[in-house]
Each structure stands twice: as structure tokens, then as C-alpha cells.
Amino acid sequence: MKIKDLAGTNFPELSAQLKGNASEIDISGITADSRQVKPGDLFVAVAGTKANGSAYIADALSRGAAAVIAAKGSGLEAGASVFELSEPRRFLAQAAARLYGRQPETMVAVTGTAGKTSVASFTRQIWAHSGLSAAMIGTTGVTAPGRNDYGSLTTPDPVTLHKLLADLAEEGVTHAAMEASSHGLDQNRLDGVRLAAAAFTNLGRDHMDYHPTVEHYMASKMRLFGALLPKGSPAVIFADDQWSAEAIAAARKAGHDVRTVGRNGDFISLKRVEHFRHKQSAEVHVGDDIFEIHVPLAGDFQVANALVAAGLAMSTGIEAKAAFSALEKLQGASGRLELVGQTKDGALAYVDYAHKPDALENVLESVRPFTTGRVIVVFGCGGDRDKGKRPIMGEVAARLADVVIVTDDNPRSEIPEVIRSEIMAGAKGATEIADRAEAIRTAVGMLKAGDTLIVAGKGHEEGQTIGSVTLPFSDHAEVRKALGGL
Ligand SMILES: CC(=O)N[C@H]1[C@@H](OP(=O)(O)OP(=O)(O)OC[C@H]2O[C@@H](n3ccc(=O)[nH]c3=O)[C@H](O)[C@@H]2O)O[C@H](CO)[C@@H](O)[C@@H]1O[C@H](C)C(=O)N[C@@H](C)C(=O)N[C@H](CCC(=O)O)C(=O)O
Ligand SMILES: Nc1ncnc2c1ncn2[C@@H]1O[C@H](COP(=O)(O)OP(=O)(O)OP(=O)(O)O)[C@@H](O)[C@H]1O
Ligand SMILES: N[C@H](CCC[C@H](N)C(=O)O)C(=O)O
Ligand SMILES: [Mg+2]
């Protein structure tokens, strides 16, 4: 594709620089990583958290880059094939979308601190239940007919994303639900995606290592409504969160068709809800119609996720009746309050992905009403991530569980003892066991009739990253092993 066509009409700034033969430069691929450049590619230099792509322009050109896009004022000698733009990341996303071309016709995205993976998964399942060829893209990877690929990022980088979307469209996928992480939104990873609807679940503490303030974190999330969702499209918003009003205001300001769900919802309004250990039941109203819904999953919070997913499905052509009947067959996303096994006495062991204070609080509160004995929790916190959440999660665990074992999550480049001691600072009375497998074995060994064990923080993850090495590790496998050894 010619560089002038990659720019389209959205980047007059580039068009103005494409003088003479420059506009005819042929581009065969696109990348933001100089190490991946192949002859004929366009290299887009972006500033990151560790490096600045501008430092690698010479590297990219030496590998045969046909042209380079860099930030304005990067101090380069703009040559025949080096162009400067004010927003290279936005260009990268939109150019990747143009280069790869196809996307599933109906795409939706969900943001929020907790529930994104669950909502994306449920939306895919509701569509599939109606016979549509549907996919989900998120923390657990890519799920589509004939595909179950393990992923690394919640929102893939734009080049990976658009290649994937083109492949999915090629495979016949017509509907796709994706997670929009705050990093992804802030870094313009989704800027080239054509959205039919978008959703917001809730906002809690997370990623304060990356976002300077909670307001910045919320503002990144609101880019989904403010910058990405085409004006007038359905914006499905969970109405019962502390930040709902702000999300509604942002979506209204952007001119969207706001559809709220929950107790305070007017699109799907939750009238009565009953929580059981392994399922949630509710009565909901949609206009004048009344529906009984049954979600066969543990965790009070799954009602909220199910309503947001139903809202997205109903905003993309599924009848309310079909959406709600699909909920009865829902499968939970892997590692989201997932029952992994039980002892001979019937004590239950769950694996959960809570790795932020609100999520941990929700999960521990969800299992309490059905626990006649003790709630035992095993968790840690990841390294190179928000440090401020550590004592808060320690406090939440100490307050809501009877037995707290603090262990390692993914220490990454940090010293594991330091991470644990920061959690322990808030976790009065907790026990520390560094080795995660041993912590799980110890907790399982304590289980008596009526107890509930929650192993939190790693959910579906299949490895543990210590330093720069990721070793195979699965909370599911360790819990099963420990239960088997009883
Ligand atoms: C903090 C963060 O979001 N980092 C992501 C970001 O990296 P970055 O832009 O900061 O990259 P950088 O290392 O500073 O380098 C800057 C640029 O120089 C380029 N470079 C670098 C070296 C070189 O030799 N040549 C070269 O061209 C790099 O390719 C990059 O384009 O863009 C990279 C490419 O897309 C991502 O791989 C990387 O994810 C890292 C691995 C990561 O851990 N990200 C996490 C925090 C993340 O994004 N999480 C969210 C949310 C999770 C959730 O709560 O659900 C997610 O969506 O997964
Ligand atoms: N609606 C919700 N409200 C509060 N907590 C929730 C909600 N949904 C899920 N959780 C908790 O958060 C954990 C992660 O859920 P899920 O993976 O669906 O969220 P996510 O937003 O995709 O998270 P991540 O940002 O880590 O990818 C669950 O294991 C559960 O502990
Ligand atoms: N997508 C999240 C997941 C964190 C999961 C937890 N196990 C950790 O390693 O901190 C992140 O990258 O921040
Ligand atoms: Mg997720």
C-alpha cells in the first residue's frame, strides 16, 4: 500500500509532508519495533515507558525500513523518508487498521477495573448461543470457533491486534468482543478498531504505577467513549458503581446512546437478586418486559458482568429473551472464582484472579455467606506494578478472611521479600510462605468441613515470572495436586 493511502484523510499533517515521489513510497508492513523491521516496512517510532523509539530510527533504516514516522520535535533530520507527526501512536493504530483491512463486522469493547474479561467472554457466549460466529480478545487470550490461543496482553498492540482481526474476519468471525485496558486506551492500541458499541463496568484502584492520579486513570478509560466509539452508538454502563455517574456523563458528552444496567439502570433494570453458592438469580425489567435470569456461576459480582454483557449483546441485535436465556448456560472465564475441587469433607477450593483491592474484597465477601467454617485466602502481589495496592490488599484480606497466607505472585524484577513485607504491613495476623506451591499446599492442608479456600491473583495464568524468567506454574494444578495428596 502507498504511504499516502495509509494516511487516509485523517492525517493532513502527514499528507502535507508527502511531497513529490514521497507519497508513492510503497509500504509492505508496519511495526513500532525496530528489531522486527523487514525491508519495505514502515517503522513508527513511539515513546514508551522504558525506551524511545526515536533512538532506533537508524537501526530501522539499516534493516530496510521504507519510511519512518516519528514524533514532532524528535530532533531528527527529516529526510526524504522520515516524517514527523504529533501523535505517532494514533497513526500506528489507524495505519495498521488500513494495512490489514478487514475486521469482524460487529465489534464491541469493554473497559473498567474489574470484569472486563468476564464481560467479553459472556458477550461472546451470548452471540454464539444465537448462532453467530463470535470471538473474544482479552487477558485470557483469543477464543473463537476453532481457536483458543493463550495471550499475553489484555489489549494487544495495534499491529498484532489488526493482524488478528483480519485473520478472524477471514475465518468467518462476524462478532468480536474485546477488552480495553487503561494501558491499551492510553497507548492508542484500539484507535483503529471500528466499534459498534462499548461498555464500562466499574472503577477501583489499579495501575497507580502507570497513571499519576485516579482521575488520569478514569480519563484513560473514558477515551473509549470520548475518542473511539462513533458518536450516537450504544454505550452500555453499569449504573451501580461509584464512578457510574462520571462514565454516564462522559458518554453523554460524547453524544452516545447511553444504556445503563443494574439497580439504577434504565435499559436493563435489576429488581431483585438472590445469591446462591454456585449460582445467581435475578429479576430484571427491560421496558415493560420482566425476565427471570439465572447465572450458573459463583460470585455476586457476576450478575453485574452478566447484565453488561447482555446489554452489549442487545445493543448489537440480540433479542432480550435470547440474551437472557443464553446466560443460563454461561461458562465462567478461566480462573474467575472458579471451583477447582473440594476435600472429602466438602470444603471448597477456588482459583480467582483478584489482584486489586476491590476485586479481592468482592470475592471474599461473595463466599462468606456460604461458608459455615473459615474463609482462607492465599495471595501475593505482582512486582513492577502498583506498589500502593499492596498494604491495602493486605488489610482487605485480614479484615475479610479468617486465615491469610501471603505468598509470591509474579515478582518480576523486584525482590520478592520486599513485596511480601509491603503486603504484610497491612495484613495483621497473616502468615508468610514465600513459595506459592507450598503456600497452596499448606492452605489446602488446613481445610476442614465448612471452610472455603480462595487462591487469588493469578487466575488463568500458566507461568510465574521471577526475574526475567517465566517458569510453568498453575494455581489450578497446584490446588488439584494438594487436594489429591490429602
Ligand atoms: C507499560 C506498557 O504498557 N508497556 C507496553 C508498551 O511498551 P512501551 O511502549 O513502554 O515500550 P518501551 O520498551 O518503552 O519501548 C518504546 C518503543 O521503542 C521500541 N524499541 C525498543 C527497543 C529497540 O531496540 N527498538 C525499538 O524499536 C519498542 O518497540 C517501543 O515501541 O508497548 C509494548 C508493545 O505494545 C508492550 O509490549 C508493553 O507491554 C509491557 C510488556 C507490559 O507489561 N504491559 C502491561 C503493563 C500492560 O499493558 N497491561 C495492560 C493492562 C493489564 C490489565 O490490567 O488487564 C494490558 O493491556 O495488558
Ligand atoms: N464486576 C466486578 N466487580 C468487582 N470485582 C469483579 C467483577 N468482575 C470480576 N471481579 C473480580 O476481578 C477478577 C478479575 O475479573 P476479570 O478477569 O473479569 O476482570 P478484568 O477487568 O478483565 O481484570 P484484568 O484487568 O486483570 O484483566 C475476578 O477474578 C474477580 O475477583
Ligand atoms: N494484566 C495485569 C495482570 C496482573 C496479574 C498479577 N498476577 C500480576 O502479575 O501482577 C497486569 O499486567 O498488571
Ligand atoms: Mg482482563
# chains A, B, ... in the order shown; residues from 1 in each chain; ligands from 1
call {"tool": "residues_near_ligand", "arguments": {"ligand": "ligand 4", "cutoff": "10 Å", "atoms": "only C-alpha atoms and all ligand atoms", "output": "MDAnalysis selection string"}}
result
chainID A and resid 110:121 137:141 153:155 178:181 333 353
call {"tool": "select_by_dssp", "arguments": {"residues": "range 341-467 of chain A", "states": "strand (DSSP E)", "output": "PyMOL selection string"}}
result
chain A and resi 341-342+348-352+375-379+403-406+431-432+452-456+463-466
call {"tool": "residues_around", "arguments": {"residues": "Met136 in chain A", "least_positions_apart": "3", "cutoff": "6 Å", "atoms": "only C-alpha atoms", "output": "list of chain:residue names"}}
result
A:Ala120, A:Arg124, A:Val142, A:Thr143, A:Ala176, A:Ala177, A:Met178
call {"tool": "write_last_selection", "arguments": {"atoms": "N, CA and C atoms", "output": "PDB file, in the first residue's frame"}}
result
ATOM      1  N   ALA A 120     -16.390  -9.709  28.325  1.00  0.00           N
ATOM      2  CA  ALA A 120     -16.054 -10.034  26.926  1.00  0.00           C
ATOM      3  C   ALA A 120     -16.382 -11.501  26.655  1.00  0.00           C
ATOM      4  N   ARG A 124     -19.370 -12.893  24.065  1.00  0.00           N
ATOM      5  CA  ARG A 124     -19.094 -13.880  23.002  1.00  0.00           C
ATOM      6  C   ARG A 124     -20.051 -15.064  23.129  1.00  0.00           C
ATOM      7  N   VAL A 142      -7.287 -15.392  22.983  1.00  0.00           N
ATOM      8  CA  VAL A 142      -8.296 -15.251  21.925  1.00  0.00           C
ATOM      9  C   VAL A 142      -9.133 -16.527  21.892  1.00  0.00           C
ATOM     10  N   THR A 143     -10.445 -16.368  21.993  1.00  0.00           N
ATOM     11  CA  THR A 143     -11.347 -17.512  21.858  1.00  0.00           C
ATOM     12  C   THR A 143     -12.247 -17.238  20.663  1.00  0.00           C
ATOM     13  N   ALA A 176     -17.065  -9.723  17.468  1.00  0.00           N
ATOM     14  CA  ALA A 176     -15.940  -9.867  18.391  1.00  0.00           C
ATOM     15  C   ALA A 176     -16.064  -8.886  19.547  1.00  0.00           C
ATOM     16  N   ALA A 177     -15.803  -9.409  20.757  1.00  0.00           N
ATOM     17  CA  ALA A 177     -15.817  -8.570  21.961  1.00  0.00           C
ATOM     18  C   ALA A 177     -14.396  -8.496  22.480  1.00  0.00           C
ATOM     19  N   MET A 178     -13.923  -7.279  22.743  1.00  0.00           N
ATOM     20  CA  MET A 178     -12.553  -7.170  23.243  1.00  0.00           C
ATOM     21  C   MET A 178     -12.465  -6.335  24.504  1.00  0.00           C
TER      22      MET A 178
END
call {"tool": "closest_atom_pairs", "arguments": {"of": "chain A", "to": "ligand 1", "cutoff": "7 Å", "atoms": "only C-alpha atoms and all ligand atoms", "output": "tab-separated table"}}
result
residue	atom	partner	partner_atom_place_in_ligand_line	distance
A:Ala32	CA	ligand 1	31 (O)	4.5
A:Asp33	CA	ligand 1	27 (O)	3.5
A:Ser34	CA	ligand 1	27 (O)	3.8
A:Arg35	CA	ligand 1	25 (N)	5.5
A:Ala45	CA	ligand 1	31 (O)	6.3
A:Val46	CA	ligand 1	17 (C)	5.3
A:Ala47	CA	ligand 1	16 (C)	5.1
A:Gly48	CA	ligand 1	14 (O)	3.2
A:Thr49	CA	ligand 1	10 (O)	3.6
A:Lys50	CA	ligand 1	14 (O)	3.3
A:Ala51	CA	ligand 1	14 (O)	3.8
A:Asn52	CA	ligand 1	16 (C)	4.7
A:Gly53	CA	ligand 1	18 (O)	3.7
A:Tyr56	CA	ligand 1	25 (N)	5.3
A:Thr139	CA	ligand 1	55 (O)	6.2
A:Ser152	CA	ligand 1	58 (O)	6.8
A:Leu153	CA	ligand 1	58 (O)	3.4
A:Thr154	CA	ligand 1	58 (O)	3.6
A:Thr155	CA	ligand 1	57 (O)	4.0
A:Pro156	CA	ligand 1	57 (O)	6.4
A:Asp157	CA	ligand 1	35 (O)	4.2
A:Ser181	CA	ligand 1	57 (O)	4.7
A:Ser182	CA	ligand 1	51 (C)	6.3
A:His183	CA	ligand 1	50 (C)	5.0
A:Gly184	CA	ligand 1	57 (O)	5.0
call {"tool": "residues_near_ligand", "arguments": {"ligand": "ligand 3", "cutoff": "7 Å", "atoms": "only C-alpha atoms and all ligand atoms", "output": "ChimeraX atom specification"}}
result
/A:139,153-154,207,355,381-383,385,409-410,457-458
call {"tool": "select_by_dssp", "arguments": {"residues": "range 30-159 of chain A", "states": "helix (DSSP H, G or I)", "output": "PyMOL selection string"}}
result
chain A and resi 34-36+53-62+88-100+116-129+158-159
call {"tool": "residues_around", "arguments": {"residues": "Arg259 in chain A", "least_positions_apart": "4", "cutoff": "9 Å", "atoms": "only C-alpha atoms", "output": "PyMOL selection string"}}
result
chain A and resi 234-238+248+265-268+311+315
call {"tool": "write_last_selection", "arguments": {"atoms": "C-alpha atoms", "output": "PDB file, in the first residue's frame"}}
result
ATOM      1  CA  PRO A 234     -24.777   2.435  22.250  1.00  0.00           C
ATOM      2  CA  ALA A 235     -22.709   2.939  25.430  1.00  0.00           C
ATOM      3  CA  VAL A 236     -23.608   0.267  27.996  1.00  0.00           C
ATOM      4  CA  ILE A 237     -22.778   1.435  31.517  1.00  0.00           C
ATOM      5  CA  PHE A 238     -23.066  -0.417  34.813  1.00  0.00           C
ATOM      6  CA  ILE A 248     -22.544   8.298  32.038  1.00  0.00           C
ATOM      7  CA  GLY A 265     -30.228   1.025  35.297  1.00  0.00           C
ATOM      8  CA  ASP A 266     -32.893   2.142  32.858  1.00  0.00           C
ATOM      9  CA  PHE A 267     -32.017  -0.146  29.929  1.00  0.00           C
ATOM     10  CA  ILE A 268     -31.824  -3.354  31.958  1.00  0.00           C
ATOM     11  CA  GLY A 311     -26.611  -5.045  27.340  1.00  0.00           C
ATOM     12  CA  SER A 315     -27.184  -3.387  21.543  1.00  0.00           C
TER      13      SER A 315
END
call {"tool": "residues_around", "arguments": {"residues": "range 445-454 of chain A", "least_positions_apart": "5", "cutoff": "6 Å", "atoms": "only C-alpha atoms", "output": "list in words"}}
result
Asp345, Gly346, Ala347, Leu348, Ala349, Tyr350, Val351, Thr371, Thr372, Gly373, Arg374, Val375, Ile376 and Val377 of chain A
call {"tool": "closest_residue", "arguments": {"among": "A:Leu228, A:Val418, A:Leu327, A:Leu307", "to": "ligand 2", "atoms": "only C-alpha atoms and all ligand atoms"}}
result
A:Leu307
call {"tool": "residues_around", "arguments": {"residues": "Ala251 in chain A", "least_positions_apart": "2", "cutoff": "10 Å", "atoms": "only C-alpha atoms", "output": "MDAnalysis selection string"}}
result
chainID A and resid 198:200 222:226 229 231:237 245:249 253:259
call {"tool": "residues_around", "arguments": {"residues": "Ala306 in chain A", "least_positions_apart": "4", "cutoff": "7 Å", "atoms": "only C-alpha atoms", "output": "NGL selection string"}}
result
:A and (119 or 122 or 302 or 310)
call {"tool": "write_last_selection", "arguments": {"atoms": "C-alpha atoms", "output": "mmCIF file, in the first residue's frame"}}
result
data_model
loop_
_atom_site.group_PDB
_atom_site.id
_atom_site.type_symbol
_atom_site.label_atom_id
_atom_site.label_comp_id
_atom_site.auth_asym_id
_atom_site.auth_seq_id
_atom_site.Cartn_x
_atom_site.Cartn_y
_atom_site.Cartn_z
ATOM 1 C CA VAL A 119 -17.955 -9.414 30.177
ATOM 2 C CA PHE A 122 -20.052 -13.633 28.292
ATOM 3 C CA GLN A 302 -21.176 -12.000 38.105
ATOM 4 C CA ALA A 310 -26.483 -8.816 27.912
#
call {"tool": "closest_residue", "arguments": {"among": "A:Arg336, A:His476, A:His460, A:Lys356", "to": "ligand 2", "atoms": "only C-alpha atoms and all ligand atoms"}}
result
A:Arg336
call {"tool": "closest_residue", "arguments": {"among": "A:Arg205, A:Arg252, A:Lys329, A:His216", "to": "ligand 2", "atoms": "only C-alpha atoms and all ligand atoms"}}
result
A:Arg205
call {"tool": "atom_distance", "arguments": {"atom1": "CA of Glu462 in chain A", "atom2": "CA of Ser474 in chain A"}}
result
5.0 Å
